[in-house]
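The data block below is work-v2.tsv; it holds TSV, C-alpha atoms (C1' of nucleotides).
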chain	number	residue	atom	x	y	z
W	8	MET	CA	0.00	0.00	0.00
W	9	ASN	CA	2.33	2.70	-1.21
W	10	LEU	CA	1.57	5.91	-2.96
W	11	LYS	CA	3.38	6.23	-6.28
W	12	SER	CA	6.64	8.07	-6.12
W	13	GLN	CA	5.12	10.38	-8.71
W	14	VAL	CA	3.00	11.81	-5.90
W	15	GLU	CA	6.12	12.92	-4.07
W	16	TRP	CA	7.56	14.34	-7.27
W	17	ALA	CA	4.40	16.28	-8.07
W	18	LEU	CA	4.29	17.80	-4.59
W	19	HIS	CA	7.90	18.93	-4.79
W	20	CYS	CA	7.39	20.35	-8.27
W	21	CYS	CA	4.30	22.26	-7.21
W	22	ALA	CA	6.27	23.73	-4.31
W	23	ILE	CA	8.86	24.96	-6.79
W	24	LEU	CA	6.23	26.32	-9.17
W	25	ALA	CA	4.57	28.17	-6.28
W	26	GLY	CA	7.83	30.04	-5.71
W	27	LEU	CA	8.26	31.01	-9.34
W	28	PRO	CA	8.34	34.71	-10.31
W	29	GLU	CA	5.15	36.07	-11.86
W	30	GLY	CA	4.69	35.04	-15.49
W	31	ARG	CA	7.63	32.67	-15.39
W	32	HIS	CA	7.40	29.05	-16.58
W	33	LEU	CA	9.64	26.11	-15.79
W	34	ALA	CA	10.14	23.22	-18.19
W	35	ALA	CA	9.86	19.54	-17.25
W	36	LYS	CA	13.51	19.21	-18.13
W	37	ASP	CA	14.47	21.73	-15.46
W	38	LEU	CA	12.11	20.32	-12.85
W	39	ALA	CA	13.62	16.90	-13.45
W	40	GLU	CA	17.16	18.18	-13.17
W	41	LEU	CA	16.38	20.15	-10.03
W	42	HIS	CA	15.07	17.02	-8.31
W	43	GLY	CA	17.31	14.43	-9.89
W	44	LEU	CA	14.41	12.64	-11.56
W	45	PRO	CA	13.84	10.95	-14.94
W	46	LYS	CA	12.49	13.68	-17.19
W	47	GLU	CA	10.14	11.61	-19.32
W	48	TYR	CA	8.46	9.92	-16.42
W	49	LEU	CA	8.18	13.09	-14.39
W	50	SER	CA	6.43	14.58	-17.41
W	51	LYS	CA	3.66	12.04	-16.99
W	52	ALA	CA	3.02	13.28	-13.48
W	53	MET	CA	3.04	16.88	-14.67
W	54	GLN	CA	0.57	15.98	-17.39
W	55	SER	CA	-1.75	14.61	-14.72
W	56	LEU	CA	-1.52	17.91	-12.89
W	57	SER	CA	-2.21	19.70	-16.13
W	58	GLN	CA	-5.29	17.62	-16.86
W	59	ALA	CA	-6.54	18.28	-13.36
W	60	GLY	CA	-6.27	22.00	-14.00
W	61	LEU	CA	-3.68	22.57	-11.28
W	62	VAL	CA	-0.89	23.71	-13.56
W	63	ALA	CA	-0.98	25.57	-16.85
W	64	THR	CA	1.42	24.86	-19.69
W	65	THR	CA	3.01	26.83	-22.47
W	66	LEU	CA	4.63	25.29	-25.52
W	67	GLY	CA	7.80	26.33	-27.22
W	68	PRO	CA	11.03	27.87	-25.97
W	69	GLN	CA	10.65	29.58	-22.57
W	70	GLY	CA	7.57	27.44	-22.14
W	71	GLY	CA	6.87	24.89	-19.45
W	72	TYR	CA	4.72	24.79	-16.34
W	73	ARG	CA	3.29	27.29	-13.91
W	74	LEU	CA	0.50	27.06	-11.35
W	75	ALA	CA	-2.95	27.46	-12.85
W	76	GLN	CA	-4.43	28.58	-9.54
W	77	ALA	CA	-3.33	30.58	-6.52
W	78	ALA	CA	-1.20	28.51	-4.15
W	79	GLU	CA	-3.82	29.22	-1.47
W	80	LYS	CA	-6.44	27.41	-3.55
W	81	ILE	CA	-4.44	24.27	-4.24
W	82	THR	CA	-4.46	21.61	-1.55
W	83	PHE	CA	-2.31	18.57	-0.97
W	84	LEU	CA	-5.35	16.48	-1.75
W	85	ASP	CA	-5.75	18.14	-5.16
W	86	ILE	CA	-2.21	17.19	-6.10
W	87	VAL	CA	-2.30	13.71	-4.61
W	88	GLU	CA	-5.58	12.84	-6.29
W	89	ALA	CA	-4.51	14.29	-9.62
W	90	VAL	CA	-1.58	11.88	-9.72
W	91	GLU	CA	-2.80	8.92	-7.71
W	92	GLY	CA	-6.47	8.94	-8.64
W	93	ARG	CA	-9.55	9.17	-6.46
W	94	ARG	CA	-10.18	5.56	-5.66
W	95	ASN	CA	-10.49	4.48	-2.06
W	96	THR	CA	-7.58	2.49	-0.67
W	97	PHE	CA	-10.07	-0.19	0.30
W	98	ALA	CA	-11.64	-1.89	-2.70
W	99	CYS	CA	-14.63	-3.86	-1.44
W	100	GLN	CA	-14.94	-7.13	-3.34
W	101	GLU	CA	-18.31	-7.88	-1.76
W	102	ILE	CA	-17.14	-11.27	-0.64
W	103	ARG	CA	-20.18	-11.46	1.62
W	104	LYS	CA	-22.07	-12.42	-1.51
W	105	ASN	CA	-20.04	-15.61	-1.69
W	106	ASN	CA	-21.49	-16.78	1.60
W	107	PRO	CA	-23.50	-19.89	0.74
W	108	CYS	CA	-25.96	-19.05	3.53
W	109	ARG	CA	-27.17	-15.90	1.80
W	110	PRO	CA	-30.17	-15.78	-0.49
W	111	ALA	CA	-28.73	-15.54	-3.97
W	112	LYS	CA	-31.17	-13.03	-5.39
W	113	GLN	CA	-31.63	-10.62	-2.51
W	114	ARG	CA	-30.39	-7.09	-3.12
W	115	GLU	CA	-27.99	-5.74	-0.52
W	116	THR	CA	-29.65	-2.88	1.27
W	117	LYS	CA	-26.45	-1.24	2.48
W	118	PRO	CA	-22.79	-1.28	1.58
W	119	CYS	CA	-20.82	-3.81	3.58
W	120	ALA	CA	-20.29	-2.60	7.17
W	121	ILE	CA	-16.58	-3.36	6.88
W	122	ALA	CA	-16.24	-1.28	3.74
W	123	ARG	CA	-18.03	1.62	5.38
W	124	VAL	CA	-15.52	1.76	8.20
W	125	MET	CA	-12.60	1.51	5.82
W	126	TRP	CA	-14.01	4.23	3.61
W	127	GLU	CA	-14.50	6.51	6.59
W	128	ALA	CA	-10.81	6.12	7.33
W	129	ASP	CA	-9.99	6.97	3.72
W	130	GLU	CA	-12.16	10.05	4.04
W	131	ALA	CA	-10.35	11.08	7.24
W	132	TRP	CA	-7.09	10.78	5.30
W	133	ARG	CA	-8.41	12.94	2.50
W	134	ASP	CA	-9.82	15.43	4.99
W	135	ARG	CA	-6.42	15.93	6.45
W	136	LEU	CA	-4.83	16.49	3.05
W	137	ARG	CA	-7.58	18.88	2.10
W	138	ARG	CA	-6.70	21.08	5.05
W	139	VAL	CA	-3.16	21.88	3.91
W	140	SER	CA	-2.68	24.27	1.01
W	141	LEU	CA	0.32	24.65	-1.20
W	142	ALA	CA	0.70	28.18	0.21
W	143	GLU	CA	1.12	26.75	3.70
W	144	LEU	CA	3.75	24.35	2.46
W	145	VAL	CA	5.65	27.16	0.81
W	146	GLU	CA	5.49	29.15	4.02
W	147	THR	CA	6.82	26.24	6.06
W	148	VAL	CA	9.62	25.61	3.60
W	149	GLY	CA	10.51	29.32	3.66
W	150	ARG	CA	10.77	29.13	7.41
W	151	GLU	CA	12.76	25.92	7.64
W	152	VAL	CA	15.08	25.81	4.66
W	153	PRO	CA	18.30	27.84	5.02
W	154	LYS	CA	18.09	31.18	3.24
W	155	ALA	CA	21.25	30.42	1.27
W	156	VAL	CA	19.67	27.33	-0.28
W	157	LEU	CA	16.52	29.22	-1.20
W	158	GLU	CA	18.54	31.98	-2.82
W	159	ARG	CA	20.77	29.63	-4.75
W	160	THR	CA	17.73	27.73	-5.99
W	161	ALA	CA	16.13	30.98	-7.13
W	162	GLU	CA	19.34	31.87	-8.99
W	163	TRP	CA	19.51	28.42	-10.53
W	164	ILE	CA	15.98	28.86	-11.84
W	165	ALA	CA	16.65	32.40	-13.05
W	166	ALA	CA	19.64	31.11	-15.01
W	167	ARG	CA	17.30	28.86	-16.99
W	168	SER	CA	15.44	31.76	-18.56
D	5	MET	CA	-2.64	2.64	-3.87
D	6	ASN	CA	-4.83	-0.29	-2.94
D	7	LEU	CA	-4.92	-2.28	0.23
D	8	LYS	CA	-4.34	-5.98	-0.37
D	9	SER	CA	-7.51	-7.99	-0.76
D	10	GLN	CA	-6.17	-10.06	2.13
D	11	VAL	CA	-7.09	-7.14	4.38
D	12	GLU	CA	-10.73	-7.49	3.41
D	13	TRP	CA	-10.54	-11.25	3.89
D	14	ALA	CA	-8.97	-10.91	7.33
D	15	LEU	CA	-11.64	-8.47	8.47
D	16	HIS	CA	-14.45	-10.74	7.33
D	17	CYS	CA	-12.82	-13.76	8.94
D	18	CYS	CA	-12.37	-11.94	12.23
D	19	ALA	CA	-16.03	-10.98	12.16
D	20	ILE	CA	-16.93	-14.64	11.80
D	21	LEU	CA	-14.53	-15.71	14.52
D	22	ALA	CA	-15.99	-13.08	16.85
D	23	GLY	CA	-19.37	-14.73	16.49
D	24	LEU	CA	-18.09	-18.23	17.19
D	25	PRO	CA	-19.42	-20.16	20.22
D	26	GLU	CA	-17.12	-20.28	23.23
D	27	GLY	CA	-14.22	-22.72	22.80
D	28	ARG	CA	-15.05	-23.37	19.18
D	29	HIS	CA	-12.41	-23.16	16.41
D	30	LEU	CA	-12.89	-22.72	12.69
D	31	ALA	CA	-10.43	-24.09	10.15
D	32	ALA	CA	-8.95	-22.10	7.28
D	33	LYS	CA	-10.68	-24.49	4.92
D	34	ASP	CA	-14.08	-23.52	6.32
D	35	LEU	CA	-13.31	-19.80	6.40
D	36	ALA	CA	-12.27	-20.01	2.77
D	37	GLU	CA	-15.38	-21.91	1.74
D	38	LEU	CA	-17.64	-19.54	3.66
D	39	HIS	CA	-16.21	-16.56	1.80
D	40	GLY	CA	-15.48	-18.18	-1.54
D	41	LEU	CA	-11.75	-17.59	-1.25
D	42	PRO	CA	-8.61	-19.58	-2.14
D	43	LYS	CA	-7.80	-21.58	0.96
D	44	GLU	CA	-4.01	-21.57	0.72
D	45	TYR	CA	-3.72	-17.86	0.18
D	46	LEU	CA	-6.28	-17.01	2.83
D	47	SER	CA	-4.15	-19.08	5.20
D	48	LYS	CA	-1.29	-16.63	4.70
D	49	ALA	CA	-3.49	-13.80	5.91
D	50	MET	CA	-4.62	-15.85	8.89
D	51	GLN	CA	-1.01	-16.62	9.70
D	52	SER	CA	-0.32	-12.89	9.80
D	53	LEU	CA	-3.16	-12.48	12.28
D	54	SER	CA	-1.75	-15.33	14.30
D	55	GLN	CA	1.73	-13.81	14.39
D	56	ALA	CA	0.23	-10.51	15.50
D	57	GLY	CA	-1.43	-12.29	18.40
D	58	LEU	CA	-4.95	-11.48	17.25
D	59	VAL	CA	-6.04	-15.05	16.69
D	60	ALA	CA	-5.04	-18.27	18.40
D	61	THR	CA	-4.65	-21.55	16.56
D	62	THR	CA	-5.08	-25.20	17.41
D	63	LEU	CA	-3.68	-28.04	15.36
D	64	GLY	CA	-5.32	-31.29	14.45
D	65	PRO	CA	-8.92	-32.28	13.81
D	66	GLN	CA	-11.44	-29.81	15.28
D	67	GLY	CA	-8.58	-27.33	15.26
D	68	GLY	CA	-8.38	-24.03	13.46
D	69	TYR	CA	-8.68	-20.39	14.47
D	70	ARG	CA	-10.36	-18.44	17.24
D	71	LEU	CA	-9.88	-14.91	18.51
D	72	ALA	CA	-6.96	-14.58	20.90
D	73	GLN	CA	-8.43	-11.46	22.52
D	74	ALA	CA	-11.86	-10.11	23.36
D	75	ALA	CA	-13.59	-8.60	20.34
D	76	GLU	CA	-13.75	-5.33	22.29
D	77	LYS	CA	-9.95	-5.23	22.44
D	78	ILE	CA	-9.31	-5.84	18.75
D	79	THR	CA	-9.53	-2.82	16.46
D	80	PHE	CA	-9.77	-2.50	12.71
D	81	LEU	CA	-6.29	-1.04	12.79
D	82	ASP	CA	-4.91	-4.13	14.52
D	83	ILE	CA	-6.22	-6.35	11.77
D	84	VAL	CA	-5.29	-4.05	8.91
D	85	GLU	CA	-1.74	-3.57	10.16
D	86	ALA	CA	-1.27	-7.25	10.89
D	87	VAL	CA	-1.93	-8.05	7.24
D	88	GLU	CA	-0.81	-4.94	5.42
D	89	GLY	CA	2.11	-3.90	7.59
D	90	ARG	CA	2.78	-0.66	9.41
D	91	ARG	CA	4.53	1.38	6.78
D	92	ASN	CA	3.20	4.79	5.89
D	93	THR	CA	1.47	5.09	2.52
D	94	PHE	CA	3.88	7.90	1.70
D	95	ALA	CA	7.48	6.72	1.33
D	96	CYS	CA	9.68	9.81	1.37
D	97	GLN	CA	12.56	9.38	-1.05
D	98	GLU	CA	14.23	12.56	0.18
D	99	ILE	CA	14.48	13.91	-3.33
D	100	ARG	CA	15.28	17.33	-1.85
D	101	LYS	CA	18.79	15.97	-1.42
D	102	ASN	CA	19.10	15.77	-5.19
D	103	ASN	CA	18.74	19.54	-5.47
D	104	PRO	CA	22.09	20.76	-6.84
D	105	CYS	CA	21.68	24.00	-4.86
D	106	ARG	CA	21.93	22.24	-1.52
D	107	PRO	CA	25.17	21.84	0.37
D	108	ALA	CA	26.10	18.20	-0.06
D	109	LYS	CA	27.28	17.53	3.45
D	110	GLN	CA	24.73	19.39	5.55
D	111	ARG	CA	22.55	17.23	7.77
D	112	GLU	CA	18.83	17.75	7.40
D	113	THR	CA	17.47	19.16	10.63
D	114	LYS	CA	13.89	18.07	10.07
D	115	PRO	CA	12.03	15.54	7.98
D	116	CYS	CA	10.83	16.97	4.70
D	117	ALA	CA	7.82	19.26	5.22
D	118	ILE	CA	5.93	17.42	2.50
D	119	ALA	CA	6.49	14.07	4.16
D	120	ARG	CA	5.31	15.45	7.48
D	121	VAL	CA	1.96	16.46	6.03
D	122	MET	CA	1.54	13.15	4.27
D	123	TRP	CA	2.40	11.24	7.42
D	124	GLU	CA	-0.11	13.25	9.43
D	125	ALA	CA	-2.77	12.16	6.97
D	126	ASP	CA	-1.66	8.54	7.37
D	127	GLU	CA	-1.94	8.96	11.12
D	128	ALA	CA	-5.45	10.40	10.78
D	129	TRP	CA	-6.34	7.29	8.77
D	130	ARG	CA	-4.94	5.00	11.43
D	131	ASP	CA	-6.67	7.00	14.15
D	132	ARG	CA	-9.99	6.36	12.55
D	133	LEU	CA	-9.37	2.65	12.26
D	134	ARG	CA	-8.21	2.50	15.86
D	135	ARG	CA	-11.55	3.85	16.99
D	136	VAL	CA	-13.63	0.95	15.68
D	137	SER	CA	-13.47	-2.38	17.46
D	138	LEU	CA	-14.36	-5.79	16.19
D	139	ALA	CA	-17.15	-5.85	18.78
D	140	GLU	CA	-18.71	-2.77	17.22
D	141	LEU	CA	-18.55	-4.37	13.80
D	142	VAL	CA	-20.25	-7.51	15.08
D	143	GLU	CA	-22.96	-5.38	16.65
D	144	THR	CA	-23.56	-3.49	13.41
D	145	VAL	CA	-23.69	-6.68	11.40
D	146	GLY	CA	-26.14	-8.18	13.92
D	147	ARG	CA	-28.36	-5.16	13.44
D	148	GLU	CA	-28.20	-4.99	9.66
D	149	VAL	CA	-27.96	-8.53	8.36
D	150	PRO	CA	-31.28	-10.42	8.16
D	151	LYS	CA	-31.78	-12.77	11.09
D	152	ALA	CA	-32.36	-15.70	8.73
D	153	VAL	CA	-28.92	-15.29	7.20
D	154	LEU	CA	-27.25	-15.06	10.61
D	155	GLU	CA	-29.03	-18.21	11.76
D	156	ARG	CA	-28.21	-20.17	8.64
D	157	THR	CA	-24.58	-19.15	8.90
D	158	ALA	CA	-24.50	-20.26	12.54
D	159	GLU	CA	-25.97	-23.59	11.49
D	160	TRP	CA	-23.50	-23.93	8.64
D	161	ILE	CA	-20.67	-23.42	11.11
D	162	ALA	CA	-22.16	-25.78	13.66
D	163	ALA	CA	-22.37	-28.46	10.98
D	164	ARG	CA	-18.59	-28.28	10.58
D	165	SER	CA	-17.93	-29.52	14.10
Z	11	DC	C1'	10.20	31.04	-43.08
Z	12	DT	C1'	13.29	27.97	-40.42
Z	13	DA	C1'	15.08	25.76	-36.56
Z	14	DA	C1'	14.94	24.86	-31.84
Z	15	DT	C1'	12.12	24.00	-27.93
Z	16	DT	C1'	8.30	22.55	-25.54
Z	17	DA	C1'	4.08	19.62	-23.83
Z	18	DC	C1'	1.47	15.71	-25.00
Z	19	DG	C1'	0.11	10.98	-25.97
Z	20	DG	C1'	0.86	6.24	-27.53
Z	21	DA	C1'	3.65	2.12	-27.49
Z	22	DT	C1'	6.59	-0.74	-25.19
Z	23	DA	C1'	9.95	-2.66	-21.86
Z	24	DA	C1'	11.87	-3.62	-17.17
Z	25	DC	C1'	10.95	-4.41	-12.61
Z	26	DA	C1'	8.43	-5.03	-8.28
Z	27	DA	C1'	4.40	-6.34	-5.73
Z	28	DA	C1'	0.17	-8.80	-5.23
Z	29	DT	C1'	-2.04	-13.06	-5.88
Z	30	DA	C1'	-1.94	-17.20	-5.84
Z	31	DT	C1'	-0.45	-22.70	-5.77
Z	32	DC	C1'	2.12	-26.60	-4.14
Z	33	DC	C1'	4.21	-29.37	-0.85
Z	34	DG	C1'	6.79	-30.98	3.21
Z	35	DT	C1'	6.79	-30.69	8.45
Z	36	DA	C1'	5.07	-30.89	13.01
Z	37	DA	C1'	1.36	-31.10	16.20
Z	38	DT	C1'	-3.06	-33.01	17.67
Z	39	DA	C1'	-7.52	-35.64	18.09
Z	40	DC	C1'	-9.66	-39.98	17.57
Q	25	DG	C1'	-1.67	-45.33	13.33
Q	26	DT	C1'	-4.51	-42.18	10.51
Q	27	DA	C1'	-6.71	-38.14	9.36
Q	28	DT	C1'	-6.67	-33.33	10.15
Q	29	DT	C1'	-4.75	-29.05	11.06
Q	30	DA	C1'	-1.51	-24.71	10.98
Q	31	DC	C1'	2.82	-23.30	9.34
Q	32	DG	C1'	6.66	-22.07	6.35
Q	33	DG	C1'	9.37	-22.31	2.10
Q	34	DA	C1'	9.53	-22.43	-2.84
Q	35	DT	C1'	7.65	-21.16	-7.02
Q	36	DA	C1'	4.51	-19.50	-10.61
Q	37	DT	C1'	1.13	-16.04	-12.49
Q	38	DT	C1'	-0.79	-11.66	-12.91
Q	39	DT	C1'	-1.01	-6.85	-12.18
Q	40	DG	C1'	0.84	-2.32	-11.25
Q	41	DT	C1'	4.70	0.79	-11.02
Q	42	DT	C1'	8.53	2.75	-13.11
Q	43	DA	C1'	10.42	3.92	-16.64
Q	44	DT	C1'	12.04	4.82	-21.96
Q	45	DC	C1'	11.31	6.02	-26.73
Q	46	DC	C1'	9.41	8.49	-30.30
Q	47	DG	C1'	6.13	10.98	-33.31
Q	48	DT	C1'	2.94	15.16	-33.32
Q	49	DA	C1'	1.56	19.78	-32.71
Q	50	DA	C1'	2.25	24.29	-30.86
Q	51	DT	C1'	5.23	28.13	-30.01
Q	52	DT	C1'	9.19	31.22	-29.94
Q	53	DA	C1'	13.61	33.23	-31.48
Q	54	DG	C1'	16.25	34.60	-35.16
As structure tokens - that is how I would like this structure written.
Amino acid sequence: MNLKSQVEWALHCCAILAGLPEGRHLAAKDLAELHGLPKEYLSKAMQSLSQAGLVATTLGPQGGYRLAQAAEKITFLDIVEAVEGRRNTFACQEIRKNNPCRPAKQRETKPCAIARVMWEADEAWRDRLRRVSLAELVETVGREVPKAVLERTAEWIAARS
Amino acid sequence: MNLKSQVEWALHCCAILAGLPEGRHLAAKDLAELHGLPKEYLSKAMQSLSQAGLVATTLGPQGGYRLAQAAEKITFLDIVEAVEGRRNTFACQEIRKNNPCRPAKQRETKPCAIARVMWEADEAWRDRLRRVSLAELVETVGREVPKAVLERTAEWIAARS
DNA sequence: CTAATTACGGATAACAAATATCCGTAATAC
DNA sequence: GTATTACGGATATTTGTTATCCGTAATTAG
């Protein structure tokens, strides 16, 4: 039960995009290099973000990605679900129907009680991710990461113009 | 990001075991037949429960599984973790270390801010599962499943003595 | 206009994890 | 002794993750 590593990549990339100067884009190639990731595969994750409307893209030289919404509007859940999908972690196979003691034809009135509990837990997980915005992440990072690193990263990005 | 189907199986089996008459065991073979599951593979899940101390086993004829603790003491989380393991869904790869703008040698003072948020969500998920006991599940099932089905299942089990 | 750069999508391959199946061993009830 | 049971190791099958490659279309710089 692991999230795809693409989820981690997407979160880090969004954090970078949130810190980008106004009007600036960053190409998948640069995002990959900045994080030490395979460019082609990272692109797939970015495409998921694009399809979800979280990032906007521009083609051609000087093109690339930028946030499509304010960092305050984008939540961890938005990013996670864009990449990982919206399925529950618990996939109920309705094995209760295999019980030979059940009437074959009878319609189930409620979802399985086990599945309900598991789905509530999934919802609690999502709830928590919904409560943290990209803006809050950026703020935390700004507080915790040494200024020198932040500045050098900004320069590194500026040099890619 | 799916839980193993063994998790579902284990939960259903525990529900059955919780309803077993005092001193009675149920063999993997019967649990498998009752749920329409592959016996050998279901056994692996039951072995995980056994190793976690949630169920007790007896060898030989009339042997099999029973709960090792009161149904009130066993939580959903106990069962889920016994089968699925205790790892977080988010496995931080520390890709921030790949950033060429970071000093190579410097020790990270804190876990990655992204990982912290993701792990909090995992903990919220676990919290929810910790709050529901096997006893509560049995009570819900007793309320929702038609009496006739419960009785026939009890008879089916009794016939396996 | 041309050439370089970019995102995007489809096809495919490599690898890991989940889902089994098989069988030998030891313990236990009758 | 014989049948039954859980257990653990070995192995196969299937599915999902992690890539890689390449052609297409859009865009910009010169």
Give me the residues within 10 Å of Arg120 of chain D as a PyMOL selection string, counting only C-alpha atoms (C1' of nucleotides) and dropping any in the same chain fewer than 6 places off.
-> chain D and resi 94+96+114+126
Give me the residues of chain Q that have any atom at most 10 Å from an atom of segment 60-66 of chain W; for each, the nearest atom pair and the distance in Å, rounded to one decimal. Use all atoms listed in the file, sort by chain and number, and format it as a tab-separated table.
residue	atom	partner	partner_atom	distance
Q:DA49	C1'	W:Leu66	CA	9.6
Q:DA50	C1'	W:Leu66	CA	5.9
Q:DT51	C1'	W:Leu66	CA	5.3
Q:DT52	C1'	W:Leu66	CA	8.7
12 Å contact set for Arg94 of chain W, only C-alpha atoms (C1' of nucleotides), chain neighbours under 6 positions out, as number ranges by chain | W: 87-88, 126, 129-130, 133; D: 5-7
Return the neighbours of chain Z among the residues of chain W, cut-off 7 Å, counting all atoms listed in the file, as a ChimeraX atom specification.
-> /W:66-68,70-71
Point out the residue among W:Met125, W:Cys108, W:Ala161, W:Ile102 with the least atom-to-atom distance to His39 of chain D, counting all atoms listed in the file.
->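 Closest to His39 of chain D of all the choices is W:Ile102.
The two atoms in question, atom CA of Val87 of chain D and atom C1' of DT42 of chain Q, are spaced 25.3 Å apart.
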Using only C-alpha atoms, which of D:Ile83, D:Leu21, D:Leu15, D:Ala32 sits nearest chain W?
-> D:Leu15
Find the residues near Ala52 of chain W: any atom within 9 Å, counting all atoms listed in the file, skip ones fewer than 5 places away on the same chain, and give them as a PDB file with C-alpha atoms, in the coordinates of the input.
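Writing the result to part_12.pdb gives the following:
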ATOM      1  CA  GLN W  13       5.120  10.380  -8.710  1.00  0.00           C
ATOM      2  CA  VAL W  14       3.000  11.810  -5.900  1.00  0.00           C
ATOM      3  CA  TRP W  16       7.560  14.340  -7.270  1.00  0.00           C
ATOM      4  CA  ALA W  17       4.400  16.280  -8.070  1.00  0.00           C
ATOM      5  CA  SER W  57      -2.210  19.700 -16.130  1.00  0.00           C
ATOM      6  CA  ALA W  89      -4.510  14.290  -9.620  1.00  0.00           C
ATOM      7  CA  VAL W  90      -1.580  11.880  -9.720  1.00  0.00           C
TER       8      VAL W  90
END
Pick from Q:DA36, Q:DA30, Q:DA53, Q:DC45, whichever lies nearest to chain D using all atoms listed in the file |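 Ranked by minimum distance to chain D, first place goes to Q:DA30.
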Closest of Q:DC46, Q:DG54, Q:DT29, Q:DT41 to chain W, counting all atoms listed in the file, is Q:DT41
Could you please determine the separation between atom CA of Ser55 of chain W and atom CA of Ile81 of chain W in Å, to one decimal place?
-> 14.5 Å
What's the 12 Å shell around Ile23 of chain W, counting only C-alpha atoms (C1' of nucleotides), without same-chain residues fewer than 3 positions away, as a ChimeraX atom specification?
-> /W:16-20,26-28,31-35,37-39,41-42,62,72-74,78,141-142,144-145,148-149,157,160-161,163-164 /D:100,103
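The gap separating atom CA of Ala128 of chain W from atom CA of Ala98 of chain W is 12.9 Å, in Å to one decimal.
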For each of D:Arg132, D:Lys77, D:Lys33, D:Lys43, take the minimum atom-to-atom distance to chain W, counting all atoms listed in the file, then give the residue where this is smallest.
->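 Nearest candidate to chain W out of D:Arg132, D:Lys77, D:Lys33, D:Lys43: D:Arg132.
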Chain Q contacts to chain D at 12 Å (all atoms listed in the file) as a list in words |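 On the chain Q side, the interface is DT26, DA27, DT28, DT29, DA30, DC31, DG32, DT39, DG40 and DT41 of chain Q.
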